[in-house]
Amino acid sequence: MRRKPTVADLRALKGRRQLTMLRYFSLEEAGAAEQAGIDIASVPPEIAADPRHREVAPSIFTMTGLTHLEAGTPEDYLRWSGDALQKGADAIYCSGSLRTVEYLAREHIPVVGHVGLVPSRATWTGGFKAVGKTAEAALRLLDEVRAYESAGTFAVEIEVVPVEVATAISERVGILLWSMGAGPGCDAQYLFANDILGTTEGHVPRHAKPYRDFRAEYARLQAERVAAFREFIADVESGAYPEDRHIVRLPDDEIEAFMNGLEERTVDADAAG
């Protein structure tokens, strides 16, 4: 049996081995991640708050969060974070300002920041593309990670950043760097479950690696549903369903009594009419 790691456990692993991290969206995926041995998960708030999540994924260190566009003020963030931790989350993702990050960290909330391609702030870095592709931009990333470290985060997701940049930054900071498309020089490799299962809609990112084709499997299952329903319709129309094993019959002596009773009631009803 694995034990769920603490923040201190994860920090002690920096530089020792690569952790595995998933973003998943269902309890079925959570259970599969637990059985497979995934270390860290990022989950939507409704999954983190579901008591069944801890039943199926008891040993996965779980992060959840809201973007700063959803969460509101630092005080709102703090109230929401406290509630999320009480419901089962282990850490909070925060895309808000360093002021908000520091505010949460001072209240001992385990906070994870985000640099590089940050979807909720992508307009500031030129849209959905790699960040840090010049020396100047790469140094700004180093400054940003160090600022997160000073603000009190224990980890930062670094997304779609050149491998040389992410590796050099990871070597120069004491906090954990979780790589999404930023190479193997960080402390965890992070993918979305749909990128692994082959169900990503629309643009498939460069860092995605499908290990199974669940889209084809879902199509096969849907075809099987349609076929089963058609067979049911055909059986009903032909009389093949229901069979004797699908119904309940009266014992012979009860049938006779029932038919006699029906006859008596019919006679009584006719007389009353």
# chains A, B, ... in the order shown; residues from 1 in each chain; ligands from 1

$ select_by_dssp --residues "segment 135-263 of chain A" --states "strand (DSSP E or B)" --output "list in words"
Ala155, Val156, Glu157, Ile158, Glu159, Leu176, Leu177, Trp178, Ser179, Met180, Ala188, Gln189, Tyr190, Leu191 and Phe192 of chain A

$ select_by_dssp --residues "segment 127-233 of chain A" --states "alpha helix (DSSP H)" --output "JSON, numbers by chain"
{"A": [135, 136, 137, 138, 139, 140, 141, 142, 143, 144, 145, 146, 147, 148, 149, 150, 151, 163, 164, 165, 166, 167, 168, 169, 170, 171, 193, 194, 195, 196, 197, 214, 215, 216, 217, 218, 219, 220, 221, 222, 223, 224, 225, 226, 227, 228, 229, 230, 231, 232, 233]}

$ write_last_selection --atoms "C-alpha atoms" --output "short mmCIF file (atom, residue, chain, number, x, y, z; two decimals), in the first residue's frame"
data_model
loop_
_atom_site.label_atom_id
_atom_site.label_comp_id
_atom_site.auth_asym_id
_atom_site.auth_seq_id
_atom_site.Cartn_x
_atom_site.Cartn_y
_atom_site.Cartn_z
CA ALA A 135 17.53 34.75 -23.79
CA GLU A 136 15.67 37.79 -22.49
CA ALA A 137 12.36 35.94 -22.21
CA ALA A 138 14.08 32.94 -20.61
CA LEU A 139 15.65 35.14 -17.94
CA ARG A 140 12.26 36.67 -17.23
CA LEU A 141 10.97 33.16 -16.59
CA LEU A 142 13.77 32.57 -14.10
CA ASP A 143 12.86 35.80 -12.34
CA GLU A 144 9.18 34.79 -12.29
CA VAL A 145 9.90 31.37 -10.79
CA ARG A 146 12.16 32.91 -8.16
CA ALA A 147 9.41 35.41 -7.35
CA TYR A 148 6.98 32.53 -6.86
CA GLU A 149 9.51 30.85 -4.59
CA SER A 150 9.88 34.03 -2.54
CA ALA A 151 6.10 34.37 -2.33
CA VAL A 163 13.91 22.29 -22.33
CA GLU A 164 17.24 24.05 -21.77
CA VAL A 165 15.49 26.93 -20.03
CA ALA A 166 13.27 24.76 -17.82
CA THR A 167 16.20 22.53 -16.83
CA ALA A 168 18.44 25.46 -15.93
CA ILE A 169 15.70 27.10 -13.88
CA SER A 170 14.90 23.88 -12.03
CA GLU A 171 18.56 23.51 -11.09
CA ALA A 193 -5.46 12.11 -19.29
CA ASN A 194 -7.14 12.85 -22.62
CA ASP A 195 -3.71 13.43 -24.22
CA ILE A 196 -2.69 9.94 -23.05
CA LEU A 197 -5.98 8.26 -23.98
CA PHE A 214 -10.08 5.64 -26.63
CA ARG A 215 -11.85 7.62 -29.35
CA ALA A 216 -12.04 4.46 -31.46
CA GLU A 217 -13.03 2.46 -28.38
CA TYR A 218 -15.85 4.89 -27.58
CA ALA A 219 -17.04 4.67 -31.21
CA ARG A 220 -16.98 0.88 -31.02
CA LEU A 221 -18.98 0.92 -27.77
CA GLN A 222 -21.53 3.31 -29.27
CA ALA A 223 -21.96 1.01 -32.27
CA GLU A 224 -22.45 -1.89 -29.86
CA ARG A 225 -25.14 0.10 -27.99
CA VAL A 226 -27.03 0.77 -31.21
CA ALA A 227 -26.74 -2.88 -32.26
CA ALA A 228 -28.00 -4.10 -28.86
CA PHE A 229 -31.00 -1.73 -28.93
CA ARG A 230 -31.89 -2.85 -32.49
CA GLU A 231 -31.73 -6.49 -31.46
CA PHE A 232 -34.07 -5.73 -28.56
CA ILE A 233 -36.55 -4.07 -30.94
#

$ residues_around --residues "Leu104 of chain A" --least-positions-apart "5" --cutoff "9 Å" --atoms "only C-alpha atoms" --output "list in words"
Pro74, Glu75, Tyr77, Leu78, Ser81, Arg99, Ile109, Pro110, Val111 and Gly152 of chain A

$ write_last_selection --atoms "all heavy atoms" --output "PDB file, in the first residue's frame"
ATOM      1  N   PRO A  74      -8.132  38.092  -3.050  1.00  0.00           N
ATOM      2  CA  PRO A  74      -7.330  37.189  -2.215  1.00  0.00           C
ATOM      3  C   PRO A  74      -8.129  36.579  -1.076  1.00  0.00           C
ATOM      4  O   PRO A  74      -7.953  35.404  -0.738  1.00  0.00           O
ATOM      5  CB  PRO A  74      -6.215  38.107  -1.693  1.00  0.00           C
ATOM      6  CG  PRO A  74      -6.047  39.133  -2.753  1.00  0.00           C
ATOM      7  CD  PRO A  74      -7.439  39.384  -3.270  1.00  0.00           C
ATOM      8  N   GLU A  75      -9.031  37.357  -0.490  1.00  0.00           N
ATOM      9  CA  GLU A  75      -9.872  36.834   0.592  1.00  0.00           C
ATOM     10  C   GLU A  75     -10.807  35.750   0.075  1.00  0.00           C
ATOM     11  O   GLU A  75     -11.021  34.722   0.737  1.00  0.00           O
ATOM     12  CB  GLU A  75     -10.667  37.972   1.232  1.00  0.00           C
ATOM     13  CG  GLU A  75      -9.823  38.982   2.000  1.00  0.00           C
ATOM     14  CD  GLU A  75      -9.107  39.975   1.090  1.00  0.00           C
ATOM     15  OE1 GLU A  75      -9.444  40.038  -0.126  1.00  0.00           O
ATOM     16  OE2 GLU A  75      -8.208  40.676   1.579  1.00  0.00           O
ATOM     17  N   TYR A  77     -10.206  33.861  -2.515  1.00  0.00           N
ATOM     18  CA  TYR A  77      -9.310  32.744  -2.796  1.00  0.00           C
ATOM     19  C   TYR A  77      -9.027  31.949  -1.516  1.00  0.00           C
ATOM     20  O   TYR A  77      -9.017  30.719  -1.511  1.00  0.00           O
ATOM     21  CB  TYR A  77      -7.983  33.262  -3.345  1.00  0.00           C
ATOM     22  CG  TYR A  77      -7.617  32.815  -4.737  1.00  0.00           C
ATOM     23  CD1 TYR A  77      -7.264  33.740  -5.713  1.00  0.00           C
ATOM     24  CD2 TYR A  77      -7.579  31.461  -5.078  1.00  0.00           C
ATOM     25  CE1 TYR A  77      -6.894  33.339  -6.984  1.00  0.00           C
ATOM     26  CE2 TYR A  77      -7.209  31.053  -6.348  1.00  0.00           C
ATOM     27  CZ  TYR A  77      -6.867  32.002  -7.302  1.00  0.00           C
ATOM     28  OH  TYR A  77      -6.498  31.599  -8.561  1.00  0.00           O
ATOM     29  N   LEU A  78      -8.782  32.663  -0.426  1.00  0.00           N
ATOM     30  CA  LEU A  78      -8.454  31.995   0.839  1.00  0.00           C
ATOM     31  C   LEU A  78      -9.633  31.169   1.337  1.00  0.00           C
ATOM     32  O   LEU A  78      -9.462  30.014   1.742  1.00  0.00           O
ATOM     33  CB  LEU A  78      -8.045  33.020   1.887  1.00  0.00           C
ATOM     34  CG  LEU A  78      -7.722  32.451   3.275  1.00  0.00           C
ATOM     35  CD1 LEU A  78      -6.569  31.459   3.211  1.00  0.00           C
ATOM     36  CD2 LEU A  78      -7.399  33.581   4.253  1.00  0.00           C
ATOM     37  N   SER A  81      -9.990  28.187  -0.912  1.00  0.00           N
ATOM     38  CA  SER A  81      -8.893  27.242  -0.712  1.00  0.00           C
ATOM     39  C   SER A  81      -9.079  26.436   0.565  1.00  0.00           C
ATOM     40  O   SER A  81      -8.871  25.214   0.577  1.00  0.00           O
ATOM     41  CB  SER A  81      -7.559  27.993  -0.655  1.00  0.00           C
ATOM     42  OG  SER A  81      -7.300  28.667  -1.867  1.00  0.00           O
ATOM     43  N   ARG A  99       0.841  38.785  -5.067  1.00  0.00           N
ATOM     44  CA  ARG A  99       0.223  39.253  -3.823  1.00  0.00           C
ATOM     45  C   ARG A  99      -0.770  38.218  -3.308  1.00  0.00           C
ATOM     46  O   ARG A  99      -0.789  37.906  -2.101  1.00  0.00           O
ATOM     47  CB  ARG A  99      -0.473  40.594  -4.066  1.00  0.00           C
ATOM     48  CG  ARG A  99      -1.328  41.085  -2.894  1.00  0.00           C
ATOM     49  CD  ARG A  99      -1.872  42.482  -3.186  1.00  0.00           C
ATOM     50  NE  ARG A  99      -2.903  42.859  -2.219  1.00  0.00           N
ATOM     51  CZ  ARG A  99      -4.204  42.681  -2.393  1.00  0.00           C
ATOM     52  NH1 ARG A  99      -4.651  42.142  -3.525  1.00  0.00           N
ATOM     53  NH2 ARG A  99      -5.072  43.046  -1.472  1.00  0.00           N
ATOM     54  N   ILE A 109      -1.426  27.705   3.227  1.00  0.00           N
ATOM     55  CA  ILE A 109      -2.065  26.984   2.135  1.00  0.00           C
ATOM     56  C   ILE A 109      -0.958  26.491   1.196  1.00  0.00           C
ATOM     57  O   ILE A 109      -0.134  27.297   0.739  1.00  0.00           O
ATOM     58  CB  ILE A 109      -3.029  27.900   1.349  1.00  0.00           C
ATOM     59  CG1 ILE A 109      -4.092  28.497   2.281  1.00  0.00           C
ATOM     60  CG2 ILE A 109      -3.657  27.149   0.188  1.00  0.00           C
ATOM     61  CD1 ILE A 109      -5.052  27.505   2.855  1.00  0.00           C
ATOM     62  N   PRO A 110      -0.883  25.200   0.885  1.00  0.00           N
ATOM     63  CA  PRO A 110       0.110  24.732  -0.088  1.00  0.00           C
ATOM     64  C   PRO A 110      -0.268  25.249  -1.487  1.00  0.00           C
ATOM     65  O   PRO A 110      -1.289  24.853  -2.048  1.00  0.00           O
ATOM     66  CB  PRO A 110       0.001  23.203  -0.013  1.00  0.00           C
ATOM     67  CG  PRO A 110      -0.711  22.922   1.271  1.00  0.00           C
ATOM     68  CD  PRO A 110      -1.634  24.084   1.481  1.00  0.00           C
ATOM     69  N   VAL A 111       0.546  26.143  -2.022  1.00  0.00           N
ATOM     70  CA  VAL A 111       0.201  26.836  -3.260  1.00  0.00           C
ATOM     71  C   VAL A 111       1.129  26.405  -4.396  1.00  0.00           C
ATOM     72  O   VAL A 111       2.342  26.268  -4.207  1.00  0.00           O
ATOM     73  CB  VAL A 111       0.289  28.364  -3.082  1.00  0.00           C
ATOM     74  CG1 VAL A 111      -0.234  29.074  -4.342  1.00  0.00           C
ATOM     75  CG2 VAL A 111      -0.494  28.820  -1.872  1.00  0.00           C
ATOM     76  N   GLY A 152       6.246  32.040  -1.549  1.00  0.00           N
ATOM     77  CA  GLY A 152       5.843  30.939  -0.682  1.00  0.00           C
ATOM     78  C   GLY A 152       5.286  29.708  -1.360  1.00  0.00           C
ATOM     79  O   GLY A 152       4.824  28.792  -0.675  1.00  0.00           O
TER      80      GLY A 152
END

$ atom_distance --atom1 "atom CA of Tyr93 of chain A" --atom2 "atom CA of His114 of chain A"
8.0 Å

$ atom_distance --atom1 "atom CA of Val156 of chain A" --atom2 "atom CA of Gly37 of chain A"
21.9 Å

$ residues_around --residues "Ile40 of chain A" --least-positions-apart "2" --cutoff "10 Å" --atoms "only C-alpha atoms" --output "list of chain:residue names"
A:Lys4, A:Pro5, A:Leu10, A:Leu19, A:Thr20, A:Met21, A:Leu22, A:Arg23, A:Ala33, A:Glu34, A:Gly37, A:Ile38, A:Ser42, A:Val43, A:Ser59, A:Ile60, A:Phe61, A:Thr62, A:Met63, A:Asp90, A:Trp178, A:Ala188, A:Gln189, A:Tyr190

$ atom_distance --atom1 "atom CA of Gly174 of chain A" --atom2 "atom CA of Pro205 of chain A"
28.6 Å

$ closest_residue --among "A:Glu70, A:Glu102, A:Glu201, A:Glu28" --to "Phe154 of chain A" --atoms "only C-alpha atoms"
A:Glu102

$ closest_residue --among "A:Leu27, A:Ile247, A:Val161, A:Ile47" --to "Gly132 of chain A" --atoms "only C-alpha atoms"
A:Val161
